[in-house]
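Source file: start-v9.txt (compact mmCIF, C-alpha atoms)
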```txt
# COMPACT_ATOMS: atom_id res chain seq x y z
CA MET A 989 -63.79 52.37 -8.05
CA SER A 990 -62.96 50.24 -11.06
CA LEU A 991 -64.94 47.19 -12.00
CA PHE A 992 -61.73 45.20 -12.05
CA ASN A 993 -60.62 45.95 -8.47
CA GLY A 994 -62.03 42.62 -7.32
CA PHE A 995 -59.96 40.83 -9.95
CA ASN A 996 -56.84 42.75 -8.97
CA ILE A 997 -57.28 42.03 -5.27
CA SER A 998 -57.87 38.32 -5.89
CA ALA A 999 -54.88 38.17 -8.24
CA SER A 1000 -52.61 39.71 -5.62
CA GLY A 1001 -53.86 37.16 -3.08
CA LEU A 1002 -53.21 34.32 -5.52
CA THR A 1003 -49.67 35.56 -6.15
CA ALA A 1004 -48.89 36.00 -2.45
CA ASN A 1005 -50.24 32.60 -1.49
CA ARG A 1006 -48.37 30.93 -4.33
CA MET A 1007 -45.18 32.45 -2.91
CA ARG A 1008 -46.12 31.11 0.55
CA MET A 1009 -46.55 27.62 -0.91
CA ASP A 1010 -43.21 27.86 -2.73
CA VAL A 1011 -41.38 28.86 0.46
CA VAL A 1012 -43.02 26.07 2.46
CA SER A 1013 -42.07 23.58 -0.26
CA SER A 1014 -38.49 24.80 -0.09
CA ASN A 1015 -38.50 24.38 3.70
CA ILE A 1016 -39.79 20.82 3.46
CA ALA A 1017 -37.32 19.93 0.71
CA ASN A 1018 -34.40 21.20 2.82
CA ALA A 1019 -35.53 19.73 6.14
CA ASN A 1020 -32.42 17.49 6.24
CA THR A 1021 -29.88 19.82 4.60
CA THR A 1022 -26.98 20.19 7.01
CA ARG A 1023 -24.79 22.15 4.57
CA ALA A 1024 -26.77 25.05 3.15
CA GLN A 1025 -24.34 27.97 3.12
CA LEU A 1026 -20.80 28.83 4.02
CA VAL A 1027 -20.54 31.43 6.80
CA ASN A 1028 -17.12 32.53 8.05
CA GLY A 1029 -15.49 29.39 6.65
CA GLU A 1030 -18.03 27.09 8.32
CA TRP A 1031 -20.96 25.27 6.77
CA VAL A 1032 -24.26 25.98 8.48
CA PRO A 1033 -27.55 24.09 8.08
CA TYR A 1034 -30.53 25.33 6.12
CA ARG A 1035 -32.49 27.96 8.03
CA ARG A 1036 -36.28 27.90 7.83
CA LYS A 1037 -37.83 30.73 5.82
CA SER A 1038 -41.22 32.39 6.13
CA VAL A 1039 -43.17 34.89 4.06
CA GLU A 1040 -44.24 38.23 5.47
CA LEU A 1041 -47.30 39.79 3.82
CA SER A 1042 -48.41 43.40 3.89
CA GLN A 1043 -50.97 45.67 2.30
CA SER A 1044 -50.20 46.67 -1.24
CA GLY A 1045 -50.49 50.39 -1.88
CA VAL A 1046 -53.51 50.84 0.36
CA SER A 1047 -54.03 53.92 2.48
CA PRO A 1048 -55.20 53.51 6.09
CA PHE A 1049 -58.70 52.08 6.48
CA GLU A 1050 -60.43 55.34 7.39
CA GLN A 1051 -59.02 57.15 4.37
CA GLN A 1052 -59.96 54.25 2.13
CA LEU A 1053 -63.51 54.14 3.49
CA GLN A 1054 -63.91 57.91 3.09
CA SER A 1055 -62.69 57.84 -0.50
CA ILE A 1056 -65.13 55.07 -1.41
CA MET A 1057 -68.03 56.76 0.36
CA ASN A 1058 -67.23 60.03 -1.46
CA GLN A 1059 -67.06 58.15 -4.77
CA GLU A 1060 -63.42 59.00 -5.18
CA SER A 1061 -61.18 56.60 -7.03
CA GLY A 1062 -59.54 55.00 -3.99
CA GLN A 1063 -56.59 52.74 -4.65
CA VAL A 1064 -57.60 49.27 -3.50
CA SER A 1065 -54.96 46.80 -4.55
CA GLY A 1066 -54.76 43.85 -2.17
CA VAL A 1067 -51.74 42.18 -0.63
CA LYS A 1068 -48.07 41.75 -1.47
CA VAL A 1069 -45.08 39.82 -0.18
CA SER A 1070 -43.09 42.38 1.78
CA LYS A 1071 -40.15 40.07 2.53
CA ILE A 1072 -39.01 36.52 3.00
CA LYS A 1073 -37.34 36.24 6.36
CA GLU A 1074 -35.24 33.55 7.97
CA ASP A 1075 -36.34 31.97 11.24
CA GLN A 1076 -33.67 32.71 13.85
CA SER A 1077 -34.63 29.87 16.20
CA PRO A 1078 -31.74 27.57 17.12
CA PHE A 1079 -30.81 24.57 15.02
CA THR A 1080 -31.62 21.06 16.19
CA VAL A 1081 -28.57 19.30 17.61
CA THR A 1082 -28.27 15.50 17.54
CA TYR A 1083 -25.49 13.14 18.49
CA ASP A 1084 -24.23 11.18 15.46
CA PRO A 1085 -20.44 10.84 15.38
CA THR A 1086 -20.62 8.89 12.08
CA HIS A 1087 -22.25 11.79 10.19
CA SER A 1088 -19.96 13.64 7.80
CA ASP A 1089 -21.02 17.04 9.22
CA ALA A 1090 -20.51 16.11 12.88
CA ASP A 1091 -18.33 18.42 14.93
CA GLU A 1092 -15.34 17.22 17.00
CA ASP A 1093 -17.70 16.12 19.81
CA GLY A 1094 -19.92 14.11 17.44
CA TYR A 1095 -22.88 16.50 17.32
CA VAL A 1096 -24.65 17.43 14.10
CA ARG A 1097 -26.59 20.66 13.66
CA SER A 1098 -29.78 20.12 11.65
CA PRO A 1099 -32.16 22.67 10.13
CA ASN A 1100 -34.75 24.35 12.34
CA VAL A 1101 -37.56 23.06 10.09
CA ASP A 1102 -40.53 21.37 11.77
CA PRO A 1103 -42.41 19.31 9.15
CA ILE A 1104 -45.67 19.50 11.10
CA LYS A 1105 -45.52 23.30 11.25
CA GLU A 1106 -44.71 23.40 7.55
CA MET A 1107 -47.72 21.23 6.71
CA VAL A 1108 -49.97 23.55 8.74
CA ASP A 1109 -48.53 26.56 6.88
CA LEU A 1110 -49.03 24.76 3.58
CA MET A 1111 -52.66 23.97 4.41
CA SER A 1112 -53.26 27.58 5.40
CA ALA A 1113 -51.75 28.91 2.18
CA THR A 1114 -53.73 26.39 0.14
CA ARG A 1115 -57.01 27.40 1.80
CA SER A 1116 -56.24 31.08 1.25
CA TYR A 1117 -55.42 30.36 -2.39
CA GLU A 1118 -58.72 28.50 -2.81
CA ALA A 1119 -60.63 31.40 -1.19
CA ASN A 1120 -59.09 33.83 -3.67
CA VAL A 1121 -60.01 31.55 -6.58
CA THR A 1122 -63.59 31.42 -5.28
CA ALA A 1123 -63.73 35.23 -5.00
CA LEU A 1124 -62.31 35.57 -8.51
CA ASN A 1125 -64.90 33.16 -9.91
CA ALA A 1126 -67.70 35.00 -8.07
CA SER A 1127 -66.57 38.30 -9.61
CA LYS A 1128 -66.40 36.70 -13.03
CA SER A 1129 -69.88 35.22 -12.58
CA MET A 1130 -71.29 38.64 -11.60
CA PHE A 1131 -69.76 40.22 -14.70
CA MET A 1132 -71.22 37.50 -16.91
CA LYS A 1133 -74.68 37.95 -15.37
CA ALA A 1134 -74.41 41.72 -15.86
CA LEU A 1135 -73.58 41.19 -19.52
CA GLU A 1136 -76.65 38.96 -19.91
CA ILE A 1137 -78.94 41.77 -18.70
CA GLY A 1138 -78.57 43.58 -21.99
CA LYS A 1139 -79.79 40.60 -24.05
```
Please express the file's structure as structure tokens.
Amino acid sequence: MSLFNGFNISASGLTANRMRMDVVSSNIANANTTRAQLVNGEWVPYRRKSVELSQSGVSPFEQQLQSIMNQESGQVSGVKVSKIKEDQSPFTVTYDPTHSDADEDGYVRSPNVDPIKEMVDLMSATRSYEANVTALNASKSMFMKALEIGK
């Protein structure tokens, strides 16, 4: 096991959580976008996006544990963004016949973005990001202390 595995794992967590924060920011910024893309000749509202995370190049837990216990060089590499998926929940429909995107009955389809849910997701991503920074700093501190032993 490399000395830098802790750094690599924390770095992958930082990258993944930064992507989560970017997607949440995009959702919040487009919460009122009623014309996001043209589908079959019709404009549809912005659809909420979410990030799906998965293990990055890690074998199943038992194999990983065995390789570490046997002092093999197991590949521990953290987390990655596996995909950004669109939320398929229905759009919000409101009655506003004066809106430029209203249909013939006066209803406007709005994005399926819930600002409260987005803020919760943003807080979660921020806390995870902070935890990875703390782990990275702890690893760095341990390396610095180890280097001081030789003095």
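Going from atom CA of A:Val1039 over to atom CA of A:Val1069, you cover 6.8 Å.
Nearest to A:Asn1120 of all the residues A:Lys1139, A:Arg1006, A:His1087, A:Lys1133 is A:Arg1006, counting all atoms listed in the file.
Computed from the coordinates, the atom CA of A:Ile1072 to atom CA of A:Lys1037 distance equals 6.5 Å.
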Exercise. Which of these residues is nearest to A:Arg1008, using all atoms listed in the file: A:Ser1044, A:Arg1097, A:Glu1106, A:Arg1023?
Worked result: A:Glu1106
Problem set entry | Straight-line distance linking atom CA of A:Met1111 with atom CA of A:Ser1014, stated in Å to one decimal |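 Straight-line distance from atom CA of A:Met1111 to atom CA of A:Ser1014 works out to 14.9 Å.
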Selection as a CSV table (one decimal) with C-alpha atoms, in the frame of the given file: residues within 8 Å of (-49.0, 30.6, 0.3), counting all atoms listed in the file:
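What follows is the written file part06.csv:
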```csv
chain,number,residue,atom,x,y,z
A,1004,ALA,CA,-48.9,36.0,-2.4
A,1005,ASN,CA,-50.2,32.6,-1.5
A,1006,ARG,CA,-48.4,30.9,-4.3
A,1007,MET,CA,-45.2,32.4,-2.9
A,1008,ARG,CA,-46.1,31.1,0.6
A,1009,MET,CA,-46.6,27.6,-0.9
A,1010,ASP,CA,-43.2,27.9,-2.7
A,1011,VAL,CA,-41.4,28.9,0.5
A,1012,VAL,CA,-43.0,26.1,2.5
A,1109,ASP,CA,-48.5,26.6,6.9
A,1110,LEU,CA,-49.0,24.8,3.6
A,1112,SER,CA,-53.3,27.6,5.4
A,1113,ALA,CA,-51.8,28.9,2.2
A,1114,THR,CA,-53.7,26.4,0.1
A,1116,SER,CA,-56.2,31.1,1.2
A,1117,TYR,CA,-55.4,30.4,-2.4
```
For this session: Tell me which of A:Phe1131, A:Ala1024, A:Ser1065, A:Asn1015 sits closest to A:Met1107, counting only C-alpha atoms.
Result: A:Asn1015
For this session: Counting only C-alpha atoms, figure out which residue out of A:Gly1066, A:Asp1075, A:Tyr1095, A:Val1081 gets nearest to A:Asn993.
Result: A:Gly1066
For this session: Find the residues near A:Ser1127: any atom within 9 Å, counting all atoms listed in the file, skip ones fewer than 3 places away on the same chain, and give them as an NGL selection string.
Result: :A and (992 or 994-995 or 1122-1124 or 1130-1132)
Kindly save the residues from that selection, with C-alpha atoms included, as an mmCIF file, keeping the file's coordinate frame.
```cif
data_model
loop_
_atom_site.group_PDB
_atom_site.id
_atom_site.type_symbol
_atom_site.label_atom_id
_atom_site.label_comp_id
_atom_site.auth_asym_id
_atom_site.auth_seq_id
_atom_site.Cartn_x
_atom_site.Cartn_y
_atom_site.Cartn_z
ATOM 1 C CA PHE A 992 -61.730 45.200 -12.050
ATOM 2 C CA GLY A 994 -62.030 42.620 -7.320
ATOM 3 C CA PHE A 995 -59.960 40.830 -9.950
ATOM 4 C CA THR A 1122 -63.590 31.420 -5.280
ATOM 5 C CA ALA A 1123 -63.730 35.230 -5.000
ATOM 6 C CA LEU A 1124 -62.310 35.570 -8.510
ATOM 7 C CA MET A 1130 -71.290 38.640 -11.600
ATOM 8 C CA PHE A 1131 -69.760 40.220 -14.700
ATOM 9 C CA MET A 1132 -71.220 37.500 -16.910
#
```
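For the residues A:Gly1094, A:Pro1099, A:Pro1085, A:Gly1001, ranking by smallest atom-to-atom distance to A:Pro1033 using only C-alpha atoms places A:Pro1099 first.
Counting only C-alpha atoms, the residue from A:Ala1134, A:Leu1041, A:Val1032, A:Ala1126 that sits nearest to A:Lys1068 is A:Leu1041.
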